[in-house]
>>> print(open('structure03.pdb').read())   # PDB, C-alpha atoms
ATOM      1  CA  MET A   1     -26.365 -19.611   0.799
ATOM      2  CA  LEU A   2     -24.304 -20.881  -2.126
ATOM      3  CA  LEU A   3     -22.646 -18.398  -4.476
ATOM      4  CA  TYR A   4     -20.884 -19.182  -7.761
ATOM      5  CA  HIS A   5     -17.824 -17.508  -9.266
ATOM      6  CA  GLY A   6     -17.098 -18.070 -12.947
ATOM      7  CA  SER A   7     -13.577 -17.661 -14.291
ATOM      8  CA  ASN A   8     -10.975 -19.213 -16.558
ATOM      9  CA  ILE A   9      -9.244 -20.698 -13.509
ATOM     10  CA  ILE A  10     -10.322 -22.414 -10.316
ATOM     11  CA  VAL A  11     -10.421 -19.902  -7.461
ATOM     12  CA  THR A  12     -10.014 -21.269  -3.939
ATOM     13  CA  GLU A  13      -8.841 -18.014  -2.336
ATOM     14  CA  PRO A  14     -10.932 -15.035  -3.467
ATOM     15  CA  GLU A  15      -9.158 -11.737  -3.952
ATOM     16  CA  ILE A  16      -9.912  -8.259  -5.193
ATOM     17  CA  ARG A  17      -7.980  -7.482  -8.364
ATOM     18  CA  GLN A  18      -7.452  -4.214 -10.165
ATOM     19  CA  SER A  19      -9.521  -4.007 -13.337
ATOM     20  CA  LEU A  20      -8.654  -1.996 -16.430
ATOM     21  CA  ARG A  21     -12.304  -1.667 -17.351
ATOM     22  CA  GLY A  22     -15.151  -0.341 -15.245
ATOM     23  CA  LEU A  23     -17.372  -3.005 -13.681
ATOM     24  CA  ASP A  24     -21.016  -2.765 -12.584
ATOM     25  CA  PHE A  25     -20.276  -2.342  -8.879
ATOM     26  CA  GLY A  26     -16.624  -1.348  -9.183
ATOM     27  CA  GLU A  27     -13.647  -3.459  -8.275
ATOM     28  CA  GLY A  28     -14.326  -6.539  -6.218
ATOM     29  CA  PHE A  29     -14.812 -10.296  -6.256
ATOM     30  CA  TYR A  30     -18.024 -11.086  -8.148
ATOM     31  CA  LEU A  31     -20.337 -14.043  -7.564
ATOM     32  CA  SER A  32     -23.947 -14.986  -8.289
ATOM     33  CA  ALA A  33     -26.558 -17.102  -6.538
ATOM     34  CA  SER A  34     -27.240 -18.536 -10.008
ATOM     35  CA  GLU A  35     -25.004 -21.467 -10.904
ATOM     36  CA  GLU A  36     -25.925 -20.934 -14.567
ATOM     37  CA  GLN A  37     -24.691 -17.330 -14.343
ATOM     38  CA  GLY A  38     -21.421 -18.568 -12.830
ATOM     39  CA  GLN A  39     -21.039 -21.009 -15.714
ATOM     40  CA  LYS A  40     -21.705 -18.279 -18.302
ATOM     41  CA  PHE A  41     -19.054 -16.069 -16.742
ATOM     42  CA  GLY A  42     -16.562 -18.944 -16.795
ATOM     43  CA  PHE A  43     -16.886 -18.994 -20.585
ATOM     44  CA  ILE A  44     -16.914 -15.192 -20.864
ATOM     45  CA  VAL A  45     -13.670 -14.835 -18.904
ATOM     46  CA  ARG A  46     -11.962 -17.616 -20.868
ATOM     47  CA  ASN A  47     -13.118 -16.098 -24.187
ATOM     48  CA  ARG A  48     -11.803 -12.669 -23.152
ATOM     49  CA  ALA A  49      -8.442 -14.262 -22.354
ATOM     50  CA  ILE A  50      -8.369 -15.752 -25.851
ATOM     51  CA  LYS A  51      -9.481 -12.496 -27.507
ATOM     52  CA  TYR A  52      -6.924 -10.345 -25.693
ATOM     53  CA  LYS A  53      -4.190 -13.024 -25.737
ATOM     54  CA  LYS A  54      -3.933 -13.103 -21.953
ATOM     55  CA  GLU A  55      -2.123 -15.865 -20.142
ATOM     56  CA  PRO A  56      -3.268 -18.204 -18.874
ATOM     57  CA  VAL A  57      -6.163 -18.737 -21.271
ATOM     58  CA  GLY A  58      -7.283 -21.441 -18.876
ATOM     59  CA  ILE A  59     -10.473 -23.435 -19.000
ATOM     60  CA  PRO A  60     -13.971 -22.278 -17.974
ATOM     61  CA  ALA A  61     -14.441 -23.029 -14.285
ATOM     62  CA  VAL A  62     -16.945 -22.424 -11.514
ATOM     63  CA  SER A  63     -15.862 -22.052  -7.911
ATOM     64  CA  VAL A  64     -18.545 -22.528  -5.274
ATOM     65  CA  PHE A  65     -18.555 -20.587  -2.023
ATOM     66  CA  GLU A  66     -20.778 -20.551   1.012
ATOM     67  CA  PHE A  67     -21.934 -17.133   2.216
ATOM     68  CA  ASP A  68     -23.657 -16.576   5.536
ATOM     69  CA  ASP A  69     -26.347 -14.275   4.168
ATOM     70  CA  LYS A  70     -27.847 -13.757   7.638
ATOM     71  CA  GLY A  71     -24.767 -12.683   9.577
ATOM     72  CA  PHE A  72     -23.138  -9.825   7.693
ATOM     73  CA  SER A  73     -24.783  -6.862   9.428
ATOM     74  CA  ASP A  74     -21.367  -5.348  10.235
ATOM     75  CA  LEU A  75     -20.615  -4.870   6.513
ATOM     76  CA  ALA A  76     -21.399  -1.596   4.765
ATOM     77  CA  THR A  77     -23.783  -3.001   2.159
ATOM     78  CA  ARG A  78     -25.554  -1.492  -0.841
ATOM     79  CA  THR A  79     -28.465  -3.583  -2.112
ATOM     80  CA  PHE A  80     -30.452  -2.996  -5.280
ATOM     81  CA  PRO A  81     -33.637  -5.136  -5.239
ATOM     82  CA  LYS A  82     -34.279  -4.365  -8.919
ATOM     83  CA  ALA A  83     -32.876  -2.588 -11.960
ATOM     84  CA  ASP A  84     -34.181   0.896 -11.203
ATOM     85  CA  GLY A  85     -32.884   4.438 -11.518
ATOM     86  CA  GLU A  86     -30.549   4.192  -8.522
ATOM     87  CA  TRP A  87     -29.093   0.943  -9.887
ATOM     88  CA  LEU A  88     -28.612   2.389 -13.381
ATOM     89  CA  SER A  89     -26.873   5.511 -12.035
ATOM     90  CA  PHE A  90     -24.629   3.427  -9.782
ATOM     91  CA  ILE A  91     -23.474   1.033 -12.500
ATOM     92  CA  HIS A  92     -23.113   3.875 -15.009
ATOM     93  CA  GLU A  93     -20.757   5.737 -12.637
ATOM     94  CA  ASN A  94     -18.820   2.564 -11.786
ATOM     95  CA  ARG A  95     -18.412   1.526 -15.429
ATOM     96  CA  ARG A  96     -17.009   4.986 -16.182
ATOM     97  CA  LYS A  97     -14.796   4.687 -13.048
ATOM     98  CA  ALA A  98     -16.382   7.936 -11.896
ATOM     99  CA  TYR A  99     -18.172   6.746  -8.745
ATOM    100  CA  ALA A 100     -17.304   9.097  -5.875
ATOM    101  CA  GLY A 101     -19.954   8.141  -3.318
ATOM    102  CA  GLU A 102     -19.893   6.084  -0.152
ATOM    103  CA  ASP A 103     -17.542   3.106   0.076
ATOM    104  CA  TYR A 104     -19.123  -0.312   0.539
ATOM    105  CA  ASP A 105     -17.869  -3.712   1.657
ATOM    106  CA  LEU A 106     -20.550  -5.550  -0.321
ATOM    107  CA  CYS A 107     -22.882  -4.635  -3.192
ATOM    108  CA  ILE A 108     -25.821  -6.843  -4.204
ATOM    109  CA  GLY A 109     -28.139  -6.399  -7.144
ATOM    110  CA  PRO A 110     -29.020  -7.273 -10.725
ATOM    111  CA  THR A 111     -26.301  -8.036 -13.260
ATOM    112  CA  ALA A 112     -26.035  -5.848 -16.330
ATOM    113  CA  ASN A 113     -25.298  -8.994 -18.345
ATOM    114  CA  ASP A 114     -25.067  -9.596 -22.097
ATOM    115  CA  ASP A 115     -28.858  -9.447 -22.407
ATOM    116  CA  VAL A 116     -28.974  -5.825 -21.256
ATOM    117  CA  PHE A 117     -25.503  -4.718 -22.336
ATOM    118  CA  ALA A 118     -26.829  -3.112 -25.542
ATOM    119  CA  THR A 119     -29.340  -1.057 -23.546
ATOM    120  CA  ILE A 120     -26.613   0.089 -21.143
ATOM    121  CA  GLN A 121     -24.340   1.020 -24.063
ATOM    122  CA  LEU A 122     -27.137   2.998 -25.735
ATOM    123  CA  PHE A 123     -27.667   4.862 -22.476
ATOM    124  CA  GLU A 124     -23.953   5.498 -21.943
ATOM    125  CA  SER A 125     -23.572   6.814 -25.500
ATOM    126  CA  GLY A 126     -26.557   9.145 -25.123
ATOM    127  CA  VAL A 127     -28.802   7.385 -27.674
ATOM    128  CA  LEU A 128     -31.244   6.440 -24.903
ATOM    129  CA  ASP A 129     -32.079   8.876 -22.139
ATOM    130  CA  PHE A 130     -32.396   7.786 -18.524
ATOM    131  CA  GLU A 131     -36.138   7.106 -18.676
ATOM    132  CA  GLY A 132     -35.849   5.265 -22.007
ATOM    133  CA  ALA A 133     -33.126   3.013 -20.597
ATOM    134  CA  LEU A 134     -35.249   2.231 -17.531
ATOM    135  CA  ARG A 135     -38.251   1.327 -19.713
ATOM    136  CA  ALA A 136     -36.065  -0.979 -21.825
ATOM    137  CA  LEU A 137     -34.534  -2.653 -18.756
ATOM    138  CA  LYS A 138     -37.955  -3.631 -17.383
ATOM    139  CA  ALA A 139     -38.286  -6.126 -20.248
ATOM    140  CA  TYR A 140     -35.374  -8.253 -19.002
ATOM    141  CA  LYS A 141     -35.184 -10.910 -16.304
ATOM    142  CA  LEU A 142     -31.826 -10.185 -14.707
ATOM    143  CA  GLN A 143     -29.651 -12.494 -12.639
ATOM    144  CA  ASP A 144     -28.138 -11.293  -9.379
ATOM    145  CA  GLN A 145     -24.573 -10.440  -8.528
ATOM    146  CA  TYR A 146     -22.704 -10.109  -5.270
ATOM    147  CA  CYS A 147     -19.614  -7.927  -5.328
ATOM    148  CA  PHE A 148     -17.332  -8.405  -2.324
ATOM    149  CA  LYS A 149     -15.309  -5.196  -2.313
ATOM    150  CA  THR A 150     -13.108  -5.475   0.801
ATOM    151  CA  ARG A 151     -11.004  -8.058   2.627
ATOM    152  CA  LYS A 152     -13.491  -7.817   5.474
ATOM    153  CA  ALA A 153     -16.317  -8.857   3.140
ATOM    154  CA  LEU A 154     -14.237 -11.672   1.635
ATOM    155  CA  GLY A 155     -13.951 -13.078   5.156
ATOM    156  CA  TYR A 156     -17.647 -14.044   4.923
ATOM    157  CA  LEU A 157     -16.977 -16.479   2.075
ATOM    158  CA  ARG A 158     -15.981 -20.105   2.595
ATOM    159  CA  TYR A 159     -14.653 -22.086  -0.360
ATOM    160  CA  LEU A 160     -16.486 -25.392  -0.922
ATOM    161  CA  ARG A 161     -15.510 -26.836  -4.314
ATOM    162  CA  SER A 162     -14.816 -26.111  -7.987
ATOM    163  CA  TYR A 163     -15.353 -27.724 -11.351
ATOM    164  CA  THR A 164     -14.285 -27.073 -14.921
ATOM    165  CA  MET A 165     -16.387 -27.134 -18.073
ATOM    166  CA  GLU A 166     -15.628 -28.202 -21.633
ATOM    167  CA  GLY A 167     -16.258 -25.964 -24.593
TER
END
>>> encode(input="structure03.pdb", output="structure tokens")
Amino acid sequence: MLLYHGSNIIVTEPEIRQSLRGLDFGEGFYLSASEEQGQKFGFIVRNRAIKYKKEPVGIPAVSVFEFDDKGFSDLATRTFPKADGEWLSFIHENRRKAYAGEDYDLCIGPTANDDVFATIQLFESGVLDFEGALRALKAYKLQDQYCFKTRKALGYLRYLRSYTMEG
């Protein structure tokens, strides 16, 4: 299976970096089975670099990896087939950097992307309750994300190619 990683640089060797902000599935190397999602994240990461004056600003890029999605049974994996209550609780805890549950090598599930970010923020701020947030989330078609959280999990990725985008 092909997975796409969007960034402001070409990534040939995936790594897990510390993040100042909380991410959906915690720290890890994020990819999507959607090439379009990878492209969007290439622009998002570059635009964040510009906004926060990070170096290098770089250029939006997509790195393509092959993942053997049939042979990873030895990885501790958490899969969310849809944006449900378990998913919402998990990303809420991770975004607050308060997750204290089981450790995983790989997490797979919907992306809380820009389309649903407002709903997540309303939930996190207490404007929407849990059930209200779940009802709102059902209206969105969400892309997937794969978060490789350990070196062991990264070993299942094989770099294929990269490309940059203008804009």
>>> atom_distance(input="structure03.pdb", atom1="CA of Asp24 in chain A", atom2="CA of Ile91 in chain A")
4.5 Å
>>> atom_distance(input="structure03.pdb", atom1="CA of Arg161 in chain A", atom2="CA of Glu55 in chain A")
23.5 Å
>>> residues_around(input="structure03.pdb", residues="range 44-47 of chain A", least_positions_apart="4", cutoff="9 Å", atoms="all atoms listed in the file", output="PyMOL selection string")
chain A and resi 6-9+39-40+51-52+56-61
>>> resolve_selection(input="structure03.pdb", expression="the PyMOL selection byres ((chain A and resi 76-86) around 6)", output="compact mmCIF listing (two decimals) with C-alpha atoms, keeping the file's coordinate frame")
# COMPACT_ATOMS: atom_id res chain seq x y z
CA LEU A 75 -20.62 -4.87 6.51
CA TRP A 87 -29.09 0.94 -9.89
CA LEU A 88 -28.61 2.39 -13.38
CA SER A 89 -26.87 5.51 -12.04
CA TYR A 104 -19.12 -0.31 0.54
CA ASP A 105 -17.87 -3.71 1.66
CA LEU A 106 -20.55 -5.55 -0.32
CA CYS A 107 -22.88 -4.64 -3.19
CA ILE A 108 -25.82 -6.84 -4.20
CA GLY A 109 -28.14 -6.40 -7.14
>>> residues_around(input="structure03.pdb", residues="Lys152 in chain A", least_positions_apart="2", cutoff="10 Å", atoms="only C-alpha atoms", output="list in words")
Asp74, Leu75, Asp105, Leu106, Phe148, Lys149, Thr150, Leu154, Gly155, Tyr156 and Leu157 of chain A
>>> atom_distance(input="structure03.pdb", atom1="CA of Tyr4 in chain A", atom2="CA of Ser63 in chain A")
5.8 Å
>>> resolve_selection(input="structure03.pdb", expression="the PyMOL selection byres ((chain A and resi 92) around 10)", output="ChimeraX atom specification")
/A:22-25,86-91,93-99,120-121,123-124
>>> residues_around(input="structure03.pdb", residues="Leu31 in chain A", least_positions_apart="2", cutoff="6 Å", atoms="only C-alpha atoms", output="list of chain:residue names")
A:Leu3, A:Tyr4, A:His5, A:Gln145, A:Tyr146
>>> closest_residue(input="structure03.pdb", among="A:Ala100, A:Gly42, A:Arg21, A:Ser32", to="Leu142 in chain A", atoms="all atoms listed in the file")
A:Ser32
>>> closest_residue(input="structure03.pdb", among="A:Glu102, A:Pro14, A:Phe130, A:Gly26", to="Phe65 in chain A", atoms="all atoms listed in the file")
A:Pro14
>>> resolve_selection(input="structure03.pdb", expression="the PyMOL selection byres ((chain A and resi 66) around 8)", output="ChimeraX atom specification")
/A:1-3,64-65,67-68,157-160
>>> write_last_selection(input="structure03.pdb", atoms="C-alpha atoms", output="PDB file, in the frame of the given file")
ATOM      1  CA  MET A   1     -26.365 -19.611   0.799  1.00  0.00           C
ATOM      2  CA  LEU A   2     -24.304 -20.881  -2.126  1.00  0.00           C
ATOM      3  CA  LEU A   3     -22.646 -18.398  -4.476  1.00  0.00           C
ATOM      4  CA  VAL A  64     -18.545 -22.528  -5.274  1.00  0.00           C
ATOM      5  CA  PHE A  65     -18.555 -20.587  -2.023  1.00  0.00           C
ATOM      6  CA  PHE A  67     -21.934 -17.133   2.216  1.00  0.00           C
ATOM      7  CA  ASP A  68     -23.657 -16.576   5.536  1.00  0.00           C
ATOM      8  CA  LEU A 157     -16.977 -16.479   2.075  1.00  0.00           C
ATOM      9  CA  ARG A 158     -15.981 -20.105   2.595  1.00  0.00           C
ATOM     10  CA  TYR A 159     -14.653 -22.086  -0.360  1.00  0.00           C
ATOM     11  CA  LEU A 160     -16.486 -25.392  -0.922  1.00  0.00           C
TER      12      LEU A 160
END
>>> closest_residue(input="structure03.pdb", among="A:Ala112, A:Thr164, A:Ala33, A:Asp129", to="Asp69 in chain A", atoms="all atoms listed in the file")
A:Ala33
>>> closest_residue(input="structure03.pdb", among="A:Tyr30, A:Phe117, A:Phe72, A:Tyr163", to="Glu15 in chain A", atoms="only C-alpha atoms")
A:Tyr30
>>> residues_around(input="structure03.pdb", residues="Leu137 in chain A", least_positions_apart="3", cutoff="8 Å", atoms="only C-alpha atoms", output="ChimeraX atom specification")
/A:83,116,119,133-134,140
>>> axis_aligned_box(input="structure03.pdb", around="range 153-164 of chain A", padding_each_side="5 Å", output="JSON")
{"center_x": -15.8, "center_y": -18.3, "center_z": -4.9, "size_x": 13.7, "size_y": 28.9, "size_z": 30.1}
>>> closest_residue(input="structure03.pdb", among="A:Asp144, A:Ala153, A:Val11, A:Gln18", to="Gly71 in chain A", atoms="only C-alpha atoms")
A:Ala153
>>> closest_residue(input="structure03.pdb", among="A:Met165, A:Ala139, A:Ala49, A:Leu122", to="Val62 in chain A", atoms="only C-alpha atoms")
A:Met165
>>> build_atoms(input="structure03.pdb", residues="range 55-88 of chain A", atoms="N, CA and C atoms", output="PDB file, in the frame of the given file")
ATOM      1  N   GLU A  55      -2.560 -14.582 -20.681  1.00  0.00           N
ATOM      2  CA  GLU A  55      -2.123 -15.865 -20.142  1.00  0.00           C
ATOM      3  C   GLU A  55      -2.450 -15.901 -18.653  1.00  0.00           C
ATOM      4  N   PRO A  56      -2.914 -17.001 -18.124  1.00  0.00           N
ATOM      5  CA  PRO A  56      -3.268 -18.204 -18.874  1.00  0.00           C
ATOM      6  C   PRO A  56      -4.652 -18.062 -19.508  1.00  0.00           C
ATOM      7  N   VAL A  57      -4.835 -18.696 -20.668  1.00  0.00           N
ATOM      8  CA  VAL A  57      -6.163 -18.737 -21.271  1.00  0.00           C
ATOM      9  C   VAL A  57      -7.074 -19.544 -20.361  1.00  0.00           C
ATOM     10  N   GLY A  58      -6.550 -20.640 -19.843  1.00  0.00           N
ATOM     11  CA  GLY A  58      -7.283 -21.441 -18.876  1.00  0.00           C
ATOM     12  C   GLY A  58      -8.443 -22.204 -19.486  1.00  0.00           C
ATOM     13  N   ILE A  59      -9.293 -22.673 -18.614  1.00  0.00           N
ATOM     14  CA  ILE A  59     -10.473 -23.435 -19.000  1.00  0.00           C
ATOM     15  C   ILE A  59     -11.651 -22.912 -18.170  1.00  0.00           C
ATOM     16  N   PRO A  60     -12.839 -22.785 -18.753  1.00  0.00           N
ATOM     17  CA  PRO A  60     -13.971 -22.278 -17.974  1.00  0.00           C
ATOM     18  C   PRO A  60     -14.178 -23.096 -16.692  1.00  0.00           C
ATOM     19  N   ALA A  61     -14.314 -22.376 -15.587  1.00  0.00           N
ATOM     20  CA  ALA A  61     -14.441 -23.029 -14.285  1.00  0.00           C
ATOM     21  C   ALA A  61     -15.450 -22.282 -13.417  1.00  0.00           C
ATOM     22  N   VAL A  62     -16.049 -23.014 -12.511  1.00  0.00           N
ATOM     23  CA  VAL A  62     -16.945 -22.424 -11.514  1.00  0.00           C
ATOM     24  C   VAL A  62     -16.426 -22.821 -10.135  1.00  0.00           C
ATOM     25  N   SER A  63     -16.250 -21.825  -9.296  1.00  0.00           N
ATOM     26  CA  SER A  63     -15.862 -22.052  -7.911  1.00  0.00           C
ATOM     27  C   SER A  63     -17.070 -21.739  -7.034  1.00  0.00           C
ATOM     28  N   VAL A  64     -17.348 -22.630  -6.101  1.00  0.00           N
ATOM     29  CA  VAL A  64     -18.545 -22.528  -5.274  1.00  0.00           C
ATOM     30  C   VAL A  64     -18.144 -22.119  -3.854  1.00  0.00           C
ATOM     31  N   PHE A  65     -18.832 -21.106  -3.350  1.00  0.00           N
ATOM     32  CA  PHE A  65     -18.555 -20.587  -2.023  1.00  0.00           C
ATOM     33  C   PHE A  65     -19.836 -20.574  -1.202  1.00  0.00           C
ATOM     34  N   GLU A  66     -19.659 -20.705   0.095  1.00  0.00           N
ATOM     35  CA  GLU A  66     -20.778 -20.551   1.012  1.00  0.00           C
ATOM     36  C   GLU A  66     -20.696 -19.146   1.599  1.00  0.00           C
ATOM     37  N   PHE A  67     -21.846 -18.480   1.666  1.00  0.00           N
ATOM     38  CA  PHE A  67     -21.934 -17.133   2.216  1.00  0.00           C
ATOM     39  C   PHE A  67     -23.026 -17.126   3.272  1.00  0.00           C
ATOM     40  N   ASP A  68     -22.669 -16.690   4.461  1.00  0.00           N
ATOM     41  CA  ASP A  68     -23.657 -16.576   5.536  1.00  0.00           C
ATOM     42  C   ASP A  68     -24.463 -15.301   5.284  1.00  0.00           C
ATOM     43  N   ASP A  69     -25.567 -15.446   4.567  1.00  0.00           N
ATOM     44  CA  ASP A  69     -26.347 -14.275   4.168  1.00  0.00           C
ATOM     45  C   ASP A  69     -27.222 -13.727   5.296  1.00  0.00           C
ATOM     46  N   LYS A  70     -27.088 -14.270   6.485  1.00  0.00           N
ATOM     47  CA  LYS A  70     -27.847 -13.757   7.638  1.00  0.00           C
ATOM     48  C   LYS A  70     -26.948 -12.997   8.613  1.00  0.00           C
ATOM     49  N   GLY A  71     -25.644 -13.220   8.542  1.00  0.00           N
ATOM     50  CA  GLY A  71     -24.767 -12.683   9.577  1.00  0.00           C
ATOM     51  C   GLY A  71     -23.763 -11.655   9.115  1.00  0.00           C
ATOM     52  N   PHE A  72     -24.111 -10.796   8.183  1.00  0.00           N
ATOM     53  CA  PHE A  72     -23.138  -9.825   7.693  1.00  0.00           C
ATOM     54  C   PHE A  72     -23.548  -8.382   8.000  1.00  0.00           C
ATOM     55  N   SER A  73     -24.253  -8.190   9.098  1.00  0.00           N
ATOM     56  CA  SER A  73     -24.783  -6.862   9.428  1.00  0.00           C
ATOM     57  C   SER A  73     -23.683  -5.840   9.712  1.00  0.00           C
ATOM     58  N   ASP A  74     -22.451  -6.293   9.976  1.00  0.00           N
ATOM     59  CA  ASP A  74     -21.367  -5.348  10.235  1.00  0.00           C
ATOM     60  C   ASP A  74     -20.705  -4.855   8.958  1.00  0.00           C
ATOM     61  N   LEU A  75     -21.166  -5.329   7.785  1.00  0.00           N
ATOM     62  CA  LEU A  75     -20.615  -4.870   6.513  1.00  0.00           C
ATOM     63  C   LEU A  75     -21.422  -3.686   5.987  1.00  0.00           C
ATOM     64  N   ALA A  76     -20.719  -2.697   5.460  1.00  0.00           N
ATOM     65  CA  ALA A  76     -21.399  -1.596   4.765  1.00  0.00           C
ATOM     66  C   ALA A  76     -21.883  -2.168   3.435  1.00  0.00           C
ATOM     67  N   THR A  77     -23.194  -2.288   3.296  1.00  0.00           N
ATOM     68  CA  THR A  77     -23.783  -3.001   2.159  1.00  0.00           C
ATOM     69  C   THR A  77     -24.713  -2.087   1.374  1.00  0.00           C
ATOM     70  N   ARG A  78     -24.624  -2.187   0.065  1.00  0.00           N
ATOM     71  CA  ARG A  78     -25.554  -1.492  -0.841  1.00  0.00           C
ATOM     72  C   ARG A  78     -26.311  -2.567  -1.600  1.00  0.00           C
ATOM     73  N   THR A  79     -27.633  -2.574  -1.462  1.00  0.00           N
ATOM     74  CA  THR A  79     -28.465  -3.583  -2.112  1.00  0.00           C
ATOM     75  C   THR A  79     -29.436  -2.901  -3.070  1.00  0.00           C
ATOM     76  N   PHE A  80     -29.512  -3.458  -4.268  1.00  0.00           N
ATOM     77  CA  PHE A  80     -30.452  -2.996  -5.280  1.00  0.00           C
ATOM     78  C   PHE A  80     -31.430  -4.136  -5.541  1.00  0.00           C
ATOM     79  N   PRO A  81     -32.675  -4.047  -5.039  1.00  0.00           N
ATOM     80  CA  PRO A  81     -33.637  -5.136  -5.239  1.00  0.00           C
ATOM     81  C   PRO A  81     -34.032  -5.331  -6.704  1.00  0.00           C
ATOM     82  N   LYS A  82     -33.905  -4.260  -7.508  1.00  0.00           N
ATOM     83  CA  LYS A  82     -34.279  -4.365  -8.919  1.00  0.00           C
ATOM     84  C   LYS A  82     -33.473  -3.353  -9.733  1.00  0.00           C
ATOM     85  N   ALA A  83     -33.558  -3.509 -11.049  1.00  0.00           N
ATOM     86  CA  ALA A  83     -32.876  -2.588 -11.960  1.00  0.00           C
ATOM     87  C   ALA A  83     -33.723  -1.321 -12.079  1.00  0.00           C
ATOM     88  N   ASP A  84     -33.435  -0.358 -11.206  1.00  0.00           N
ATOM     89  CA  ASP A  84     -34.181   0.896 -11.203  1.00  0.00           C
ATOM     90  C   ASP A  84     -33.227   2.058 -11.468  1.00  0.00           C
ATOM     91  N   GLY A  85     -33.700   3.262 -11.252  1.00  0.00           N
ATOM     92  CA  GLY A  85     -32.884   4.438 -11.518  1.00  0.00           C
ATOM     93  C   GLY A  85     -31.629   4.519 -10.678  1.00  0.00           C
ATOM     94  N   GLU A  86     -31.732   4.184  -9.388  1.00  0.00           N
ATOM     95  CA  GLU A  86     -30.549   4.192  -8.522  1.00  0.00           C
ATOM     96  C   GLU A  86     -29.509   3.188  -9.016  1.00  0.00           C
ATOM     97  N   TRP A  87     -29.979   1.990  -9.375  1.00  0.00           N
ATOM     98  CA  TRP A  87     -29.093   0.943  -9.887  1.00  0.00           C
ATOM     99  C   TRP A  87     -28.401   1.406 -11.167  1.00  0.00           C
ATOM    100  N   LEU A  88     -29.174   1.948 -12.104  1.00  0.00           N
ATOM    101  CA  LEU A  88     -28.612   2.389 -13.381  1.00  0.00           C
ATOM    102  C   LEU A  88     -27.569   3.482 -13.174  1.00  0.00           C
TER     103      LEU A  88
END
